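What's in data_10.txt: compact mmCIF, C-alpha atoms
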# COMPACT_ATOMS: atom_id res chain seq x y z
CA MET A 27 324.36 140.94 103.90
CA THR A 28 323.44 140.07 100.31
CA PRO A 29 319.88 139.25 99.13
CA PRO A 30 318.90 135.59 98.90
CA PHE A 31 319.48 133.49 95.82
CA VAL A 32 316.28 133.58 93.73
CA VAL A 33 314.78 130.58 91.94
CA ASP A 34 311.91 131.52 89.61
CA VAL A 35 310.18 128.62 87.82
CA SER A 36 307.01 128.03 85.79
CA GLY A 37 304.90 125.12 84.54
CA THR A 38 303.24 121.97 85.82
CA PRO A 39 304.19 120.60 89.23
CA ALA A 40 306.72 118.25 87.61
CA ASP A 41 308.12 121.15 85.59
CA LEU A 42 308.38 123.33 88.70
CA GLY A 43 310.26 120.65 90.61
CA ARG A 44 312.74 119.79 87.86
CA ALA A 45 313.51 123.45 87.14
CA TYR A 46 313.88 124.22 90.87
CA GLY A 47 316.18 121.23 91.31
CA ALA A 48 318.30 122.17 88.30
CA GLN A 49 318.59 125.89 89.13
CA ALA A 50 319.52 125.25 92.77
CA ALA A 51 321.30 121.91 92.37
CA ASP A 52 324.53 122.93 94.09
CA LEU A 53 322.68 124.55 97.00
CA ILE A 54 320.33 121.59 97.38
CA ARG A 55 323.11 119.01 97.43
CA ALA A 56 325.10 121.11 99.91
CA ASN A 57 322.03 121.57 102.12
CA VAL A 58 321.37 117.82 102.09
CA ASP A 59 324.99 117.18 103.07
CA GLU A 60 324.77 119.71 105.91
CA TYR A 61 321.60 118.09 107.24
CA LEU A 62 323.14 114.62 107.02
CA ILE A 63 325.87 115.89 109.33
CA ARG A 64 323.26 117.37 111.70
CA PHE A 65 321.04 114.27 111.70
CA GLU A 66 324.04 112.09 112.55
CA ALA A 67 325.31 114.36 115.30
CA ALA A 68 321.96 115.26 116.84
CA VAL A 69 319.85 112.11 116.64
CA ARG A 70 322.31 109.43 115.46
CA LEU A 71 320.74 108.87 112.05
CA ASP A 72 323.30 107.93 109.44
CA ARG A 73 322.69 108.35 105.71
CA ALA A 74 320.98 104.97 105.33
CA ALA A 75 318.71 105.69 108.30
CA VAL A 76 317.84 109.16 106.95
CA ILE A 77 316.90 107.62 103.59
CA ALA A 78 314.74 105.06 105.38
CA GLU A 79 313.05 107.80 107.39
CA GLY A 80 312.54 109.95 104.32
CA ARG A 81 310.80 107.12 102.47
CA LYS A 82 308.14 107.00 105.18
CA TYR A 83 306.88 110.43 104.10
CA ILE A 84 306.47 109.67 100.40
CA ALA A 85 303.16 107.78 100.56
CA PRO A 86 301.37 110.27 102.87
CA THR A 87 302.44 113.15 100.64
CA GLU A 88 301.32 111.36 97.47
CA GLN A 89 297.98 110.56 99.10
CA HIS A 90 297.15 113.97 100.55
CA PHE A 91 299.03 116.40 98.30
CA PRO A 92 299.81 114.64 95.01
CA ARG A 93 300.78 117.85 93.18
CA LEU A 94 303.33 118.63 95.89
CA ALA A 95 304.68 115.08 95.66
CA GLN A 96 305.23 115.72 91.94
CA ILE A 97 307.22 118.86 92.76
CA LEU A 98 309.39 116.98 95.26
CA GLU A 99 310.04 114.17 92.79
CA GLY A 100 311.01 116.78 90.22
CA VAL A 101 313.38 118.49 92.65
CA ALA A 102 315.14 115.18 93.25
CA VAL A 103 315.49 114.56 89.51
CA GLY A 104 316.63 118.10 88.73
CA ALA A 105 319.20 118.18 91.52
CA GLY A 106 320.36 114.58 91.09
CA VAL A 107 319.51 113.65 94.69
CA GLU A 108 317.88 110.50 96.08
CA PRO A 109 314.14 111.37 96.44
CA ALA A 110 314.01 110.05 100.01
CA LEU A 111 316.68 112.60 100.98
CA ILE A 112 314.56 115.42 99.57
CA TYR A 113 311.64 114.15 101.64
CA ALA A 114 313.90 113.86 104.68
CA ILE A 115 315.00 117.50 104.61
CA ASN A 116 311.38 118.59 104.11
CA ALA A 117 310.71 116.54 107.26
CA ARG A 118 313.80 117.81 109.05
CA SER A 119 311.68 119.02 112.02
CA GLU A 120 310.18 115.55 112.44
CA LEU A 121 313.60 113.91 112.21
CA LEU A 122 315.32 116.35 114.55
CA TYR A 123 312.57 116.81 117.14
CA GLY A 124 310.54 113.63 116.81
CA THR A 125 313.41 111.14 116.92
CA PRO A 126 314.33 109.84 120.39
CA SER A 127 317.89 110.66 121.37
CA CYS A 128 319.88 109.29 124.25
CA GLY A 129 319.39 111.28 127.43
CA SER A 130 316.91 113.81 126.07
CA PRO A 131 313.94 114.69 128.29
CA GLY A 132 310.40 114.73 126.99
CA GLY A 133 310.42 111.25 125.45
CA ALA A 134 310.35 111.16 121.68
CA SER A 135 309.88 114.90 121.60
CA GLY A 136 313.27 115.51 123.17
CA GLY A 137 315.00 115.16 119.82
CA ALA A 138 317.99 117.21 118.89
CA SER A 139 318.07 119.84 121.55
CA GLY A 140 320.62 119.48 124.29
CA GLY A 141 318.67 121.77 126.58
CA ALA A 142 318.99 125.14 124.88
CA ASP A 143 316.10 127.44 124.07
CA MET A 144 314.16 125.95 121.15
CA GLY A 145 314.73 128.21 118.19
CA GLU A 146 312.55 129.12 115.26
CA CYS A 147 310.80 132.33 115.30
CA THR A 148 308.63 135.09 116.57
CA VAL A 149 305.67 135.74 114.26
CA VAL A 150 303.40 138.78 114.07
CA GLY A 151 300.16 139.65 112.32
CA VAL A 152 298.65 143.14 111.97
CA LEU A 153 295.10 143.61 110.67
CA ASP A 154 294.37 146.43 108.25
CA GLU A 155 292.38 148.27 110.93
CA ARG A 156 295.56 148.62 113.00
CA SER A 157 298.13 149.19 110.24
CA ASP A 158 299.43 152.59 109.19
CA ASP A 159 298.26 152.25 105.58
CA GLY A 160 295.18 150.04 105.88
CA HIS A 161 297.05 146.94 104.69
CA THR A 162 297.10 143.50 106.31
CA ARG A 163 300.65 142.55 107.30
CA ILE A 164 302.44 139.51 108.68
CA ALA A 165 306.09 139.24 109.69
CA GLN A 166 308.57 137.00 111.41
CA ASN A 167 312.06 136.48 112.70
CA TRP A 168 313.34 133.09 111.56
CA ASP A 169 315.71 131.81 114.23
CA TRP A 170 317.77 128.83 113.12
CA HIS A 171 321.27 127.44 112.93
CA PRO A 172 323.55 129.88 111.09
CA GLU A 173 325.24 126.98 109.29
CA GLN A 174 322.06 126.68 107.21
CA ARG A 175 321.91 130.34 106.12
CA PRO A 176 324.12 129.84 103.02
CA TYR A 177 321.58 127.31 101.73
CA THR A 178 318.49 129.52 101.94
CA LEU A 179 316.77 130.95 98.88
CA LEU A 180 313.67 132.73 97.63
CA LEU A 181 311.56 130.26 95.68
CA ILE A 182 309.03 131.72 93.22
CA THR A 183 306.71 129.31 91.41
CA ARG A 184 304.12 130.03 88.74
CA ASP A 185 302.03 126.96 87.91
CA GLU A 186 299.95 126.10 84.86
CA THR A 187 296.73 127.30 86.55
CA GLY A 188 298.07 130.83 87.16
CA HIS A 189 298.69 130.29 90.88
CA GLU A 190 301.91 131.98 92.01
CA VAL A 191 303.86 131.53 95.26
CA ALA A 192 306.92 133.27 96.70
CA THR A 193 308.53 131.73 99.77
CA LEU A 194 311.77 132.04 101.67
CA THR A 195 313.00 128.52 102.32
CA GLU A 196 315.98 126.18 102.53
CA ALA A 197 317.29 124.67 99.30
CA GLY A 198 315.31 121.57 98.40
CA MET A 199 312.40 122.43 100.68
CA LEU A 200 308.99 123.60 99.46
CA ALA A 201 308.24 126.50 101.81
CA LYS A 202 308.90 128.51 104.94
CA SER A 203 307.38 131.98 105.35
CA GLY A 204 305.82 133.29 102.17
CA LEU A 205 302.78 134.56 100.26
CA ASN A 206 300.86 133.94 97.07
CA ASN A 207 299.24 136.05 94.38
CA LYS A 208 295.84 135.69 96.08
CA GLY A 209 297.06 137.87 98.96
CA LEU A 210 297.44 134.92 101.33
CA GLY A 211 300.56 134.52 103.45
CA VAL A 212 301.96 132.33 106.20
CA CYS A 213 304.59 132.53 108.94
CA VAL A 214 305.69 129.58 111.06
CA ASN A 215 306.96 128.64 114.52
CA LEU A 216 308.39 125.40 115.80
CA ILE A 217 306.43 124.10 118.79
CA GLY A 218 306.77 120.76 120.53
CA SER A 219 304.39 118.34 122.24
CA ASP A 220 304.34 114.83 123.67
CA ARG A 221 302.49 113.68 120.55
CA ASP A 222 305.41 114.36 118.22
CA GLY A 223 306.94 111.37 116.49
CA ARG A 224 303.68 109.63 115.58
CA PRO A 225 303.95 107.94 112.17
CA GLY A 226 301.97 108.68 109.02
CA GLY A 227 302.19 112.46 108.73
CA VAL A 228 303.04 114.64 105.76
CA PRO A 229 306.36 116.50 106.13
CA TYR A 230 306.39 119.76 108.07
CA HIS A 231 307.46 121.80 105.05
CA VAL A 232 304.94 120.12 102.75
CA LEU A 233 302.19 121.11 105.19
CA LEU A 234 303.52 124.67 105.06
CA ARG A 235 303.48 124.65 101.27
CA SER A 236 299.91 123.32 101.22
CA VAL A 237 298.80 126.54 102.91
CA LEU A 238 300.42 128.64 100.18
CA GLU A 239 298.78 126.48 97.52
CA ALA A 240 295.35 127.64 98.73
CA ASP A 241 293.49 130.46 97.00
CA SER A 242 291.55 131.44 100.14
CA LEU A 243 291.91 131.48 103.89
CA SER A 244 289.20 128.82 104.17
CA TRP A 245 291.11 126.39 101.96
CA ALA A 246 294.40 127.19 103.67
CA LEU A 247 292.82 126.18 106.98
CA ARG A 248 291.32 123.05 105.45
CA ASN A 249 294.67 121.97 104.04
CA ALA A 250 296.48 122.59 107.31
CA VAL A 251 293.95 121.05 109.70
CA ARG A 252 292.99 118.00 107.63
CA ALA A 253 296.51 116.83 106.85
CA PRO A 254 297.93 114.10 109.11
CA ARG A 255 300.91 115.33 111.13
CA SER A 256 303.91 113.72 112.80
CA ALA A 257 305.18 116.95 114.35
CA SER A 258 303.66 119.95 116.07
CA ILE A 259 303.68 123.20 114.12
CA ASN A 260 302.35 126.73 114.59
CA LEU A 261 301.07 128.64 111.56
CA LEU A 262 300.13 132.30 111.47
CA ILE A 263 298.02 132.71 108.33
CA GLY A 264 296.57 135.88 106.86
CA GLN A 265 294.80 137.03 103.74
CA ALA A 266 294.12 140.51 102.42
CA HIS A 267 290.63 141.53 101.26
CA PRO A 268 289.13 144.78 99.93
CA ASP A 269 286.61 144.76 102.80
CA GLY A 270 289.28 144.07 105.40
CA GLY A 271 291.78 141.27 105.79
CA GLU A 272 291.82 138.40 108.26
CA ILE A 273 294.52 136.70 110.34
CA ILE A 274 294.39 133.51 112.39
CA ASP A 275 296.99 131.47 114.28
CA LEU A 276 296.83 127.67 114.19
CA GLU A 277 298.52 125.49 116.80
CA LEU A 278 298.65 122.04 115.20
CA VAL A 279 299.71 118.82 116.89
CA PRO A 280 299.37 115.24 115.68
CA GLY A 281 295.66 114.54 115.91
CA ASP A 282 294.43 117.91 117.19
CA SER A 283 294.38 121.65 116.55
CA GLY A 284 293.76 124.94 118.33
CA TRP A 285 293.48 128.52 117.11
CA LEU A 286 293.86 132.13 118.18
CA HIS A 287 292.40 135.36 116.78
CA PRO A 288 293.83 138.88 116.81
CA GLN A 289 293.28 141.09 119.83
CA ASP A 290 293.10 144.83 119.13
CA GLY A 291 294.19 144.07 115.58
CA LEU A 292 297.39 142.24 116.63
CA LEU A 293 298.41 138.59 116.81
CA VAL A 294 301.82 137.43 118.06
CA HIS A 295 303.18 133.92 118.69
CA ALA A 296 306.48 132.41 119.82
CA ASN A 297 307.46 128.77 120.44
CA HIS A 298 305.05 127.65 123.15
CA PHE A 299 301.36 126.79 123.15
CA GLU A 300 298.84 129.51 123.94
CA THR A 301 295.64 127.53 123.32
CA ALA A 302 294.21 124.90 125.66
CA LEU A 303 295.18 121.86 123.61
CA PRO A 304 295.37 118.76 125.86
CA VAL A 305 299.07 118.09 125.25
CA TYR A 306 302.30 118.38 127.19
CA ASP A 307 304.19 121.42 125.90
CA THR A 308 307.85 120.38 125.69
CA ILE A 309 308.96 124.00 126.17
CA LYS A 310 308.47 123.09 129.85
CA ASP A 311 311.56 120.90 129.55
CA TRP A 312 313.71 123.75 128.27
CA GLY A 313 312.35 127.16 129.30
CA GLY A 314 313.96 130.09 127.55
CA SER A 315 312.98 133.21 125.67
CA SER A 316 309.76 131.92 124.15
CA LEU A 317 308.10 132.35 127.53
CA PHE A 318 308.35 136.14 127.25
CA ARG A 319 308.90 136.90 123.55
CA SER A 320 305.30 136.89 122.37
CA ALA A 321 304.07 138.93 125.34
CA ARG A 322 306.89 141.42 124.93
CA VAL A 323 306.33 141.96 121.21
CA ARG A 324 302.60 142.45 121.85
CA ARG A 325 303.35 145.19 124.38
CA LEU A 326 305.88 146.86 122.10
CA LEU A 327 303.35 146.98 119.26
CA GLN A 328 300.42 147.97 121.47
CA ALA A 329 302.32 151.15 122.34
CA HIS A 330 301.66 152.38 118.77
CA PRO A 331 298.17 153.40 117.63
CA GLN A 332 299.16 152.37 114.10
CA VAL A 333 301.68 149.74 113.07
CA GLY A 334 303.68 149.70 109.85
CA GLU A 335 307.00 148.27 108.72
CA LYS A 336 308.93 150.67 110.95
CA GLU A 337 307.11 149.59 114.10
CA LEU A 338 307.24 145.90 113.18
CA LEU A 339 310.97 146.06 112.57
CA SER A 340 311.52 147.97 115.80
CA ALA A 341 309.77 145.19 117.74
CA LEU A 342 311.62 142.44 115.87
CA THR A 343 314.99 144.04 116.66
CA ASP A 344 314.29 144.14 120.41
CA HIS A 345 317.30 143.04 122.47
CA HIS A 346 315.85 142.44 125.93
CA SER A 347 317.64 139.38 127.39
CA PHE A 348 320.38 139.65 124.74
CA PRO A 349 321.74 137.52 123.13
CA VAL A 350 318.73 135.19 123.46
CA SER A 351 316.24 137.90 122.60
CA VAL A 352 313.55 138.61 120.01
CA CYS A 353 316.41 139.69 117.73
CA ARG A 354 318.44 136.60 118.48
CA HIS A 355 322.23 136.41 118.42
CA LEU A 356 324.60 133.52 118.96
CA ASP A 357 325.18 132.55 122.57
CA GLU A 358 328.51 130.78 123.02
CA ARG A 359 327.19 129.18 126.22
CA ASP A 360 324.88 126.97 124.16
CA ALA A 361 326.09 123.59 122.97
CA ALA A 362 327.43 123.80 119.42
CA LEU A 363 324.45 121.94 117.93
CA ASP A 364 322.00 124.27 119.68
CA ARG A 365 323.49 127.61 118.63
CA SER A 366 320.94 129.73 116.85
CA GLU A 367 320.40 133.27 115.67
CA THR A 368 317.89 135.18 113.58
CA ILE A 369 319.02 134.26 110.07
CA TRP A 370 316.23 136.10 108.19
CA THR A 371 313.47 138.57 108.95
CA THR A 372 310.45 138.58 106.63
CA LEU A 373 307.98 141.47 106.39
CA MET A 374 304.96 140.82 104.14
CA ASP A 375 302.32 143.27 102.90
CA LEU A 376 299.46 141.01 101.84
CA ASP A 377 297.53 143.76 100.05
CA ALA A 378 300.54 144.89 98.00
CA ARG A 379 301.74 141.26 97.58
CA THR A 380 305.27 142.24 98.58
CA LEU A 381 307.84 140.74 100.91
CA ARG A 382 310.90 142.39 102.39
CA LEU A 383 313.73 140.03 103.31
CA ILE A 384 316.40 141.13 105.77
CA ALA A 385 319.39 138.90 106.36
CA GLY A 386 319.68 138.67 110.10
CA PRO A 387 319.99 139.37 112.86
CA PRO A 388 317.78 142.23 111.66
CA CYS A 389 319.60 144.83 113.74
CA GLU A 390 322.54 144.28 111.36
CA GLY A 391 320.66 143.82 108.09
CA GLY A 392 319.63 147.34 107.16
CA ALA A 393 316.55 147.75 104.96
CA GLY A 394 317.00 144.38 103.30
CA THR A 395 315.52 143.72 99.84
CA LEU A 396 311.93 144.38 98.79
CA PHE A 397 310.44 141.85 96.35
CA SER A 398 307.26 142.27 94.27
CA PRO A 399 307.25 138.75 92.80
CA PHE A 400 303.86 138.89 91.09
CA SER A 401 304.18 142.21 89.28

Would you write out, as structure tokens, the structure that this file holds?
Amino acid sequence: MTPPFVVDVSGTPADLGRAYGAQAADLIRANVDEYLIRFEAAVRLDRAAVIAEGRKYIAPTEQHFPRLAQILEGVAVGAGVEPALIYAINARSELLYGTPSCGSPGGASGGASGGADMGECTVVGVLDERSDDGHTRIAQNWDWHPEQRPYTLLLITRDETGHEVATLTEAGMLAKSGLNNKGLGVCVNLIGSDRDGRPGGVPYHVLLRSVLEADSLSWALRNAVRAPRSASINLLIGQAHPDGGEIIDLELVPGDSGWLHPQDGLLVHANHFETALPVYDTIKDWGGSSLFRSARVRRLLQAHPQVGEKELLSALTDHHSFPVSVCRHLDERDAALDRSETIWTTLMDLDARTLRLIAGPPCEGGAGTLFSPFS
């Protein structure tokens, strides 16, 4: 498969947004249209309702992350899209999984799923002490609906302060997995709880971007934990350092947070809670591969005294329980709206500030493309 479309922009937040919107205008408008179809089909939100929902996220974003609000406003202007629709796709997880739908278990958290395994990712962190070259690494499989793959891109931003970010994301959104020029990176999993759907949060993908805006692990954690949330989210965050890097996993729900540290230099997470947060984990309504994926990837990696890209990719292409495996493939038994596969694999070297992107499923993507965005 071909490398992702690259958007590379510079300037103030408003400049970044307008240039991003202009360079990716066709992709952004097509992605918005695709999500309008999904919102209508999955949670019965028509265009007017999506705009109304999107508007709810403008004030919290302006209050807590005003520079990111300026980027989003610029994206809307550059792409010629209603701003509330740009906010809505950045809050697509809240709309899809925090909107009550007829007949879905789990209350408001039931959302879009018709009962299939909740998608979105297996994430991995490897500390420098365990890696084959002494570098801190993070990686993930991004499992999502293949209809969205044509609208993904690599967004590179270079702001007026010298802060640079490179992130794989969906057109019009601010972030998914990515890293910055301070050697800090993030991977993400969708998780669900009975607190999802509470009003007043910043959008899921704005919260993700706030982590990449930080120049240190401490500030990344402050941004993530302090921000109000309307949806649960899991963040695996790492930062390289000459004296040894650090990795931490944050399980964030509306109003609370939990965290995990590496064991034997490794940290792995799937789509269920592994901390003792006092919430109902909605994976209990669905079951599926998340219940074994993180444990399996840990065992696969623990078999190696040192872990590099080769070992990470071997674990992320594991096919136990195929097609709903770590390397996920389409399962025709799922309802059409629930069909998911690994659409990208991301391998990040935080010391070298590089990311390798493999169009997925990774077993079919070869070596992918290596990017050194800050060179």

Excluding segment 55-64 of chain A and any residue of its chain fewer than 2 positions from it, enumerate the residues within 9 Å of it, using only C-alpha atoms, and give them as an mmCIF file with C-alpha atoms, in the coordinates of the input.
data_model
loop_
_atom_site.group_PDB
_atom_site.id
_atom_site.type_symbol
_atom_site.label_atom_id
_atom_site.label_comp_id
_atom_site.auth_asym_id
_atom_site.auth_seq_id
_atom_site.Cartn_x
_atom_site.Cartn_y
_atom_site.Cartn_z
ATOM 1 C CA ALA A 50 319.520 125.250 92.770
ATOM 2 C CA ALA A 51 321.300 121.910 92.370
ATOM 3 C CA ASP A 52 324.530 122.930 94.090
ATOM 4 C CA LEU A 53 322.680 124.550 97.000
ATOM 5 C CA GLU A 66 324.040 112.090 112.550
ATOM 6 C CA ALA A 67 325.310 114.360 115.300
ATOM 7 C CA ALA A 68 321.960 115.260 116.840
ATOM 8 C CA VAL A 69 319.850 112.110 116.640
ATOM 9 C CA ARG A 70 322.310 109.430 115.460
ATOM 10 C CA LEU A 71 320.740 108.870 112.050
ATOM 11 C CA ASP A 72 323.300 107.930 109.440
ATOM 12 C CA ARG A 73 322.690 108.350 105.710
ATOM 13 C CA VAL A 76 317.840 109.160 106.950
ATOM 14 C CA ALA A 105 319.200 118.180 91.520
ATOM 15 C CA GLY A 106 320.360 114.580 91.090
ATOM 16 C CA VAL A 107 319.510 113.650 94.690
ATOM 17 C CA LEU A 111 316.680 112.600 100.980
ATOM 18 C CA ILE A 112 314.560 115.420 99.570
ATOM 19 C CA ALA A 114 313.900 113.860 104.680
ATOM 20 C CA ILE A 115 315.000 117.500 104.610
ATOM 21 C CA ARG A 118 313.800 117.810 109.050
ATOM 22 C CA LEU A 122 315.320 116.350 114.550
ATOM 23 C CA ALA A 138 317.990 117.210 118.890
ATOM 24 C CA GLU A 173 325.240 126.980 109.290
ATOM 25 C CA GLN A 174 322.060 126.680 107.210
ATOM 26 C CA PRO A 176 324.120 129.840 103.020
ATOM 27 C CA TYR A 177 321.580 127.310 101.730
ATOM 28 C CA THR A 178 318.490 129.520 101.940
ATOM 29 C CA GLU A 196 315.980 126.180 102.530
ATOM 30 C CA ALA A 197 317.290 124.670 99.300
ATOM 31 C CA GLY A 198 315.310 121.570 98.400
ATOM 32 C CA LEU A 363 324.450 121.940 117.930
#

How big is the axis-aligned box around the listed atoms of segment 393-396 of chain A once 5 Å is added on each side, and where is its centre? Give both in Å to one decimal, as AutoDock Vina command-line options.
--center_x 314.5 --center_y 145.7 --center_z 101.9 --size_x 15.1 --size_y 14.0 --size_z 16.2

Please provide as a PyMOL selection string all residues within 9 Å of segment 340-352 of chain A, with the sequence filter that same-chain residues fewer than 2 positions apart are discarded (counting only C-alpha atoms). chain A and resi 143+147-148+165-167+314-316+319-320+322-324+326-327+335-338+354-357+366-368+371+387-389

Could you take the residues named above and write them with C-alpha atoms, as a PDB file, in the coordinates of the input?
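Saved file result-v8.pdb follows:
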ATOM      1  CA  ASP A 143     316.100 127.440 124.070  1.00  0.00           C
ATOM      2  CA  CYS A 147     310.800 132.330 115.300  1.00  0.00           C
ATOM      3  CA  THR A 148     308.630 135.090 116.570  1.00  0.00           C
ATOM      4  CA  ALA A 165     306.090 139.240 109.690  1.00  0.00           C
ATOM      5  CA  GLN A 166     308.570 137.000 111.410  1.00  0.00           C
ATOM      6  CA  ASN A 167     312.060 136.480 112.700  1.00  0.00           C
ATOM      7  CA  GLY A 314     313.960 130.090 127.550  1.00  0.00           C
ATOM      8  CA  SER A 315     312.980 133.210 125.670  1.00  0.00           C
ATOM      9  CA  SER A 316     309.760 131.920 124.150  1.00  0.00           C
ATOM     10  CA  ARG A 319     308.900 136.900 123.550  1.00  0.00           C
ATOM     11  CA  SER A 320     305.300 136.890 122.370  1.00  0.00           C
ATOM     12  CA  ARG A 322     306.890 141.420 124.930  1.00  0.00           C
ATOM     13  CA  VAL A 323     306.330 141.960 121.210  1.00  0.00           C
ATOM     14  CA  ARG A 324     302.600 142.450 121.850  1.00  0.00           C
ATOM     15  CA  LEU A 326     305.880 146.860 122.100  1.00  0.00           C
ATOM     16  CA  LEU A 327     303.350 146.980 119.260  1.00  0.00           C
ATOM     17  CA  GLU A 335     307.000 148.270 108.720  1.00  0.00           C
ATOM     18  CA  LYS A 336     308.930 150.670 110.950  1.00  0.00           C
ATOM     19  CA  GLU A 337     307.110 149.590 114.100  1.00  0.00           C
ATOM     20  CA  LEU A 338     307.240 145.900 113.180  1.00  0.00           C
ATOM     21  CA  ARG A 354     318.440 136.600 118.480  1.00  0.00           C
ATOM     22  CA  HIS A 355     322.230 136.410 118.420  1.00  0.00           C
ATOM     23  CA  LEU A 356     324.600 133.520 118.960  1.00  0.00           C
ATOM     24  CA  ASP A 357     325.180 132.550 122.570  1.00  0.00           C
ATOM     25  CA  SER A 366     320.940 129.730 116.850  1.00  0.00           C
ATOM     26  CA  GLU A 367     320.400 133.270 115.670  1.00  0.00           C
ATOM     27  CA  THR A 368     317.890 135.180 113.580  1.00  0.00           C
ATOM     28  CA  THR A 371     313.470 138.570 108.950  1.00  0.00           C
ATOM     29  CA  PRO A 387     319.990 139.370 112.860  1.00  0.00           C
ATOM     30  CA  PRO A 388     317.780 142.230 111.660  1.00  0.00           C
ATOM     31  CA  CYS A 389     319.600 144.830 113.740  1.00  0.00           C
TER      32      CYS A 389
END

Using all atoms listed in the file, determine which residues lie at most 6 Å from Arg44 of chain A, disregarding the query and same-chain residues fewer than 2 positions distant; provide the list as a PyMOL selection string. chain A and resi 41-42+46-47+100-101+104

Contacts of Pro92 of chain A at 12 Å (all atoms listed in the file; same-chain gap of 4+ positions) as a JSON list (two decimals) with C-alpha atoms, keeping the file's coordinate frame:
[["chain", "number", "residue", "atom", "x", "y", "z"],
["A", 39, "PRO", "CA", 304.19, 120.60, 89.23],
["A", 40, "ALA", "CA", 306.72, 118.25, 87.61],
["A", 84, "ILE", "CA", 306.47, 109.67, 100.40],
["A", 85, "ALA", "CA", 303.16, 107.78, 100.56],
["A", 86, "PRO", "CA", 301.37, 110.27, 102.87],
["A", 87, "THR", "CA", 302.44, 113.15, 100.64],
["A", 88, "GLU", "CA", 301.32, 111.36, 97.47],
["A", 96, "GLN", "CA", 305.23, 115.72, 91.94],
["A", 97, "ILE", "CA", 307.22, 118.86, 92.76],
["A", 98, "LEU", "CA", 309.39, 116.98, 95.26],
["A", 99, "GLU", "CA", 310.04, 114.17, 92.79],
["A", 228, "VAL", "CA", 303.04, 114.64, 105.76],
["A", 232, "VAL", "CA", 304.94, 120.12, 102.75],
["A", 236, "SER", "CA", 299.91, 123.32, 101.22]]

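Nearest-residue note for Ala378 of chain A: choosing from A:His90, A:Arg184, A:Arg235, A:His161, the minimum distance belongs to A:His161, counting all atoms listed in the file.
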
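The space separating atom CA of Gly386 of chain A from atom CA of His330 of chain A comes to 24.2 Å.
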
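Nearest-residue note for Ser119 of chain A: choosing from A:Gly43, A:Gly218, A:Ala102, A:Arg93, the minimum distance belongs to A:Gly218, counting all atoms listed in the file.
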
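Taking only C-alpha atoms into account, the protein, DNA and RNA residues within 10 Å of (301.1, 128.1, 81.8) read A:Ser36, A:Gly37, A:Thr38, A:Arg184, A:Asp185, A:Glu186, A:Thr187, A:Gly188, A:His189.
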
Contacts of segment 206-212 of chain A at 10 Å (all atoms listed in the file; same-chain gap of 2+ positions) as a ChimeraX atom specification: /A:149,151,162-166,182-184,188-193,201-204,214,234-235,237-243,246,261-267,271-275,374-381,399-401

Min atom-atom distance to Gly394 of chain A from the set A:Cys213, A:Ile77, A:Leu339, A:Cys353, counting all atoms listed in the file, belongs to A:Leu339

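Atom pair atom CA of Pro280 of chain A / atom CA of Pro225 of chain A: separated by 9.3 Å.
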
In Å, with one decimal, what is the gap from atom CA of Asp311 of chain A to atom CA of Arg224 of chain A? 19.6 Å

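The shortest atom-to-atom distance to Val294 of chain A, with all atoms listed in the file taken into account, belongs to A:Arg325 out of A:Asn249, A:Arg325, A:Leu121, A:Phe31.
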
For His295 of chain A, which residue among A:Ile369, A:Val150, A:Arg81, A:Glu155 is the nearest when counting only C-alpha atoms? A:Val150

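You can rank A:Ala78, A:Ile309, A:Ile384, A:Ala321 by their closest distance to Leu293 of chain A using only C-alpha atoms, and at the top of that list sits A:Ala321.
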